[in-house]
Every structure is written in C-alpha cells, then in structure tokens.
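Undergrad: The structure under discussion is supplied below as structure tokens; questions concerning it will follow.
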Amino acid sequence: IRTNQAKFDIHFPIFLFGKNYVRVKAWDVYNNSSEETVSFEVVAASDIALTQIFNYPNPFSKSTYFTFQRSGEAPVAIEIKIYTVAGRMIRRIELPLVTERFVQVLWDGRDAEGDEVANGIYFYKISSYNIDTRESKEYIGKIARVM
C-alpha cells in the first residue's frame with residue numbers, strides 16, 4: 001500500500017478455501033481510527049461458485065434483473081427457473097455459454113406463454129453447470145411482483 005507519506009508492506013497468511021474475512025484498522029496523524037471488515041470466498045480455479053446473487057428491483061412492477069458474479073475460468077451454462085409459491089415452474093431462461101464474470105439477466109415479468117405474472121411472491125433457482133468438469137451449483141431466492 002502506498003500513501004503520500006509512507007509505503008507499507010502487508011503480507012497475508014494463506015487463506016483457506018471457503019469464506020474468509022480481513023479486518024483492517026488504520027489511524028491518521030491525529031490518532032483518529034477507522035476499521036473495516038471485508039469478506040470474500042476462496043475457490044479453486046476449476047470450481048464454480050456464484051456470489052453476490054440478487055435481483056433488482058425487488059419487489060418489481062414491470063421487469064427485474066438477476067445479477068451475480070461467477071468464479072472459474074471455464075465457460076458455464078446458466079439456467080434460471082421461476083416458480084410460483086405452489087412450486088409450478090412458470091418461466092425458464094437459458095444461457096448456454098457464459099464466459100463473463102459479472103452476469104446480468106433481464107426478466108420481463110412474463111411467464112412461458114408471454115402473459116404478465118400476477119402480483120405475489122415467486123421463487124427463482126439459478127443453476128450453473130461447468131461444461132468442462134460437469135460440476136453444477138444452484139441458488140434459490142425469493143422475488144416479489146407488485147403493481
């Protein structure tokens with residue numbers, strides 16, 4: 001880290017696979033301190049992981065974006081399924097070859113037949129499939145439609 005007045009060498013320990021935390025505390029010349037904690041996940045290069053998963057806006061009225069970050073170098077196939085609270089799948093969105101790290105997918109608030117869905121609570125499942133290793137991961141979330 002370089003500042004206007006000094007250079008600091010910081011050596012981190014070896015992080016384990018999984019969730020890790022780093023807490024940094026610093027003081028200025030007037031002895032005012034500030035502290036921040038950052039969390040991050042360490043995964044193997046061949047693993048796939050979806051992080052920072054959310055949709056916005058939520059609740060939504062017309063449309064919403066599903067957003068997430070993915071790890072790994074290999075391309076993945078992504079599938080988003082949207083369900084009613086009764087468990088009936090109403091929409092499937094497929095992305096056969098995703099190479100980007102930050103993924104943003106628009107849902108227009110319509111079912112498979114093209115009709116607007118009613119107000120209420122829905123569930124979504126985002127599945128990612130590593131084409132090279134055949135590994136898959138899933139995430140389930142909740143979304144609300146209001147008009």
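Residue numbers start at 1 in each chain; chains themselves are named A, B, ... in the order of the structure tokens; ligands are numbered from 1 in the order shown.
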Neighbours of Pro75 (chain A) within 12 Å (only C-alpha atoms; same-chain residues fewer than 6 positions away dropped), as a VMD selection string?

TA: chain A and resid 46 to 48 95 to 101 128 to 135

Undergrad: Near Phe102 (chain A), within 12 Å and counting only C-alpha atoms, which residues show up once chain neighbours fewer than 4 positions away are dropped, as a ChimeraX atom specification?

TA: /A:50-53,66-72,98

Undergrad: Expressed in Å to a single decimal, how great is the separation between CA of Ile121 (chain A) and CA of Ala77 (chain A)?

TA: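 Separation of CA of Ile121 (chain A) and CA of Ala77 (chain A): 26.3 Å.
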
Undergrad: Please return, as a PDB file with C-alpha atoms, in the first residue's frame, all residues of region 4-124 of chain A that DSSP assigns to strand (DSSP E) on the basis of the backbone.

TA:
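selection24.pdb, freshly written:
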```
ATOM      1  CA  GLY A  18     -14.276 -21.060   1.662  1.00  0.00           C
ATOM      2  CA  LYS A  19     -15.322 -17.790   3.267  1.00  0.00           C
ATOM      3  CA  ASN A  20     -12.538 -15.596   4.683  1.00  0.00           C
ATOM      4  CA  TYR A  21     -12.518 -12.230   6.452  1.00  0.00           C
ATOM      5  CA  VAL A  22      -9.937  -9.468   6.564  1.00  0.00           C
ATOM      6  CA  ARG A  23     -10.221  -6.694   9.146  1.00  0.00           C
ATOM      7  CA  VAL A  24      -8.148  -3.550   8.649  1.00  0.00           C
ATOM      8  CA  LYS A  25      -7.758  -0.827  11.240  1.00  0.00           C
ATOM      9  CA  ALA A  26      -5.863   2.382  10.468  1.00  0.00           C
ATOM     10  CA  TRP A  27      -5.071   5.664  12.238  1.00  0.00           C
ATOM     11  CA  SER A  33      -9.066   5.429  13.777  1.00  0.00           C
ATOM     12  CA  SER A  34     -11.257   3.662  11.290  1.00  0.00           C
ATOM     13  CA  GLU A  35     -11.952  -0.031  10.880  1.00  0.00           C
ATOM     14  CA  GLU A  36     -13.394  -2.059   8.012  1.00  0.00           C
ATOM     15  CA  THR A  37     -14.035  -5.779   7.560  1.00  0.00           C
ATOM     16  CA  VAL A  38     -14.208  -7.357   4.124  1.00  0.00           C
ATOM     17  CA  SER A  39     -15.401 -10.886   3.406  1.00  0.00           C
ATOM     18  CA  PHE A  40     -14.522 -12.931   0.347  1.00  0.00           C
ATOM     19  CA  GLU A  41     -14.627 -16.529  -0.764  1.00  0.00           C
ATOM     20  CA  VAL A  42     -11.643 -18.537  -1.973  1.00  0.00           C
ATOM     21  CA  LEU A  50     -21.969 -17.932  -7.798  1.00  0.00           C
ATOM     22  CA  THR A  51     -21.676 -14.975  -5.451  1.00  0.00           C
ATOM     23  CA  GLN A  52     -23.344 -11.600  -4.939  1.00  0.00           C
ATOM     24  CA  ILE A  53     -26.627 -13.071  -6.184  1.00  0.00           C
ATOM     25  CA  PHE A  54     -29.635 -10.779  -6.136  1.00  0.00           C
ATOM     26  CA  ASN A  55     -32.307  -9.363  -8.358  1.00  0.00           C
ATOM     27  CA  TYR A  56     -33.228  -5.722  -8.629  1.00  0.00           C
ATOM     28  CA  THR A  64     -36.228  -7.161 -12.934  1.00  0.00           C
ATOM     29  CA  TYR A  65     -32.583  -8.104 -13.427  1.00  0.00           C
ATOM     30  CA  PHE A  66     -30.984 -11.216 -11.952  1.00  0.00           C
ATOM     31  CA  THR A  67     -27.343 -10.387 -11.242  1.00  0.00           C
ATOM     32  CA  PHE A  68     -24.456 -12.417  -9.898  1.00  0.00           C
ATOM     33  CA  GLN A  69     -20.747 -12.945 -10.154  1.00  0.00           C
ATOM     34  CA  ARG A  70     -19.220 -16.254 -11.108  1.00  0.00           C
ATOM     35  CA  VAL A  76     -20.629 -22.284 -17.835  1.00  0.00           C
ATOM     36  CA  ALA A  77     -24.226 -22.838 -18.816  1.00  0.00           C
ATOM     37  CA  ILE A  78     -26.708 -20.855 -16.715  1.00  0.00           C
ATOM     38  CA  GLU A  79     -30.374 -21.638 -16.239  1.00  0.00           C
ATOM     39  CA  ILE A  80     -32.856 -19.505 -14.292  1.00  0.00           C
ATOM     40  CA  LYS A  81     -36.198 -21.063 -13.401  1.00  0.00           C
ATOM     41  CA  ILE A  82     -39.023 -19.039 -11.872  1.00  0.00           C
ATOM     42  CA  TYR A  83     -41.678 -20.773  -9.757  1.00  0.00           C
ATOM     43  CA  THR A  84     -44.960 -19.896  -8.087  1.00  0.00           C
ATOM     44  CA  MET A  89     -42.450 -23.506 -12.926  1.00  0.00           C
ATOM     45  CA  ILE A  90     -43.698 -20.550 -14.949  1.00  0.00           C
ATOM     46  CA  ARG A  91     -40.551 -19.451 -16.808  1.00  0.00           C
ATOM     47  CA  ARG A  92     -37.153 -20.808 -17.825  1.00  0.00           C
ATOM     48  CA  ILE A  93     -34.326 -18.567 -19.024  1.00  0.00           C
ATOM     49  CA  GLU A  94     -31.323 -20.379 -20.506  1.00  0.00           C
ATOM     50  CA  LEU A  95     -27.853 -19.004 -21.213  1.00  0.00           C
ATOM     51  CA  PRO A  96     -25.930 -21.844 -22.909  1.00  0.00           C
ATOM     52  CA  LEU A  97     -22.412 -20.339 -22.839  1.00  0.00           C
ATOM     53  CA  VAL A  98     -21.428 -17.704 -20.275  1.00  0.00           C
ATOM     54  CA  PHE A 102     -20.424 -10.400 -13.903  1.00  0.00           C
ATOM     55  CA  VAL A 103     -23.729 -11.680 -15.263  1.00  0.00           C
ATOM     56  CA  GLN A 104     -26.922  -9.657 -15.591  1.00  0.00           C
ATOM     57  CA  VAL A 105     -30.106 -11.276 -16.947  1.00  0.00           C
ATOM     58  CA  LEU A 106     -33.361  -9.406 -17.618  1.00  0.00           C
ATOM     59  CA  TRP A 107     -36.715 -10.999 -16.792  1.00  0.00           C
ATOM     60  CA  GLY A 120     -47.326 -12.005  -5.457  1.00  0.00           C
ATOM     61  CA  ILE A 121     -44.281 -13.901  -4.276  1.00  0.00           C
ATOM     62  CA  TYR A 122     -42.234 -16.098  -6.594  1.00  0.00           C
ATOM     63  CA  PHE A 123     -39.118 -18.203  -6.174  1.00  0.00           C
ATOM     64  CA  TYR A 124     -36.224 -18.471  -8.561  1.00  0.00           C
TER      65      TYR A 124
END
```

Undergrad: Using only C-alpha atoms, find the one residue out of A:Lys142, A:Phe60, A:Tyr30, A:Lys125 that sits nearest to Val85 (chain A).

TA: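 Checking each candidate against Val85 (chain A), we get A:Lys142 as the closest.
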
Undergrad: Under the rule that only C-alpha atoms are counted, which of A:Val117, A:Val29, A:Ile140, A:Ala49 is the nearest residue to Phe17 (chain A)?

TA: A:Ala49

Undergrad: Could you tell me how far CA of Asp115 (chain A) sits from CA of Met147 (chain A), in Å to one decimal place?

TA: 14.7 Å

Undergrad: Find the distance between CA of Asp111 (chain A) and CA of Ser127 (chain A) and write it in Å to one decimal.

TA: 18.6 Å

Undergrad: Would you kindly return, as a ChimeraX atom specification, each protein, DNA or RNA residue with an atom no farther than 7 Å from any atom of Pro59 (chain A), considering only C-alpha atoms and excluding same-chain residues fewer than 4 positions away?

TA: /A:143-146

Undergrad: Output C-alpha atoms of each residue in that selection to a file, as a compact mmCIF listing (two decimals), in the first residue's frame.

TA:
```
# COMPACT_ATOMS: atom_id res chain seq x y z
CA ILE A 143 -38.82 -12.30 -5.61
CA ALA A 144 -41.99 -10.20 -5.32
CA ARG A 145 -44.17 -8.67 -8.03
CA VAL A 146 -46.26 -5.58 -7.18
```

Undergrad: May I ask which of the residues A:Leu16, A:Asn31, A:Asn58, A:Ser63 is the closest one to Gly109 (chain A), counting only C-alpha atoms?

TA: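 Ranked by minimum distance to Gly109 (chain A), first place goes to A:Ser63.
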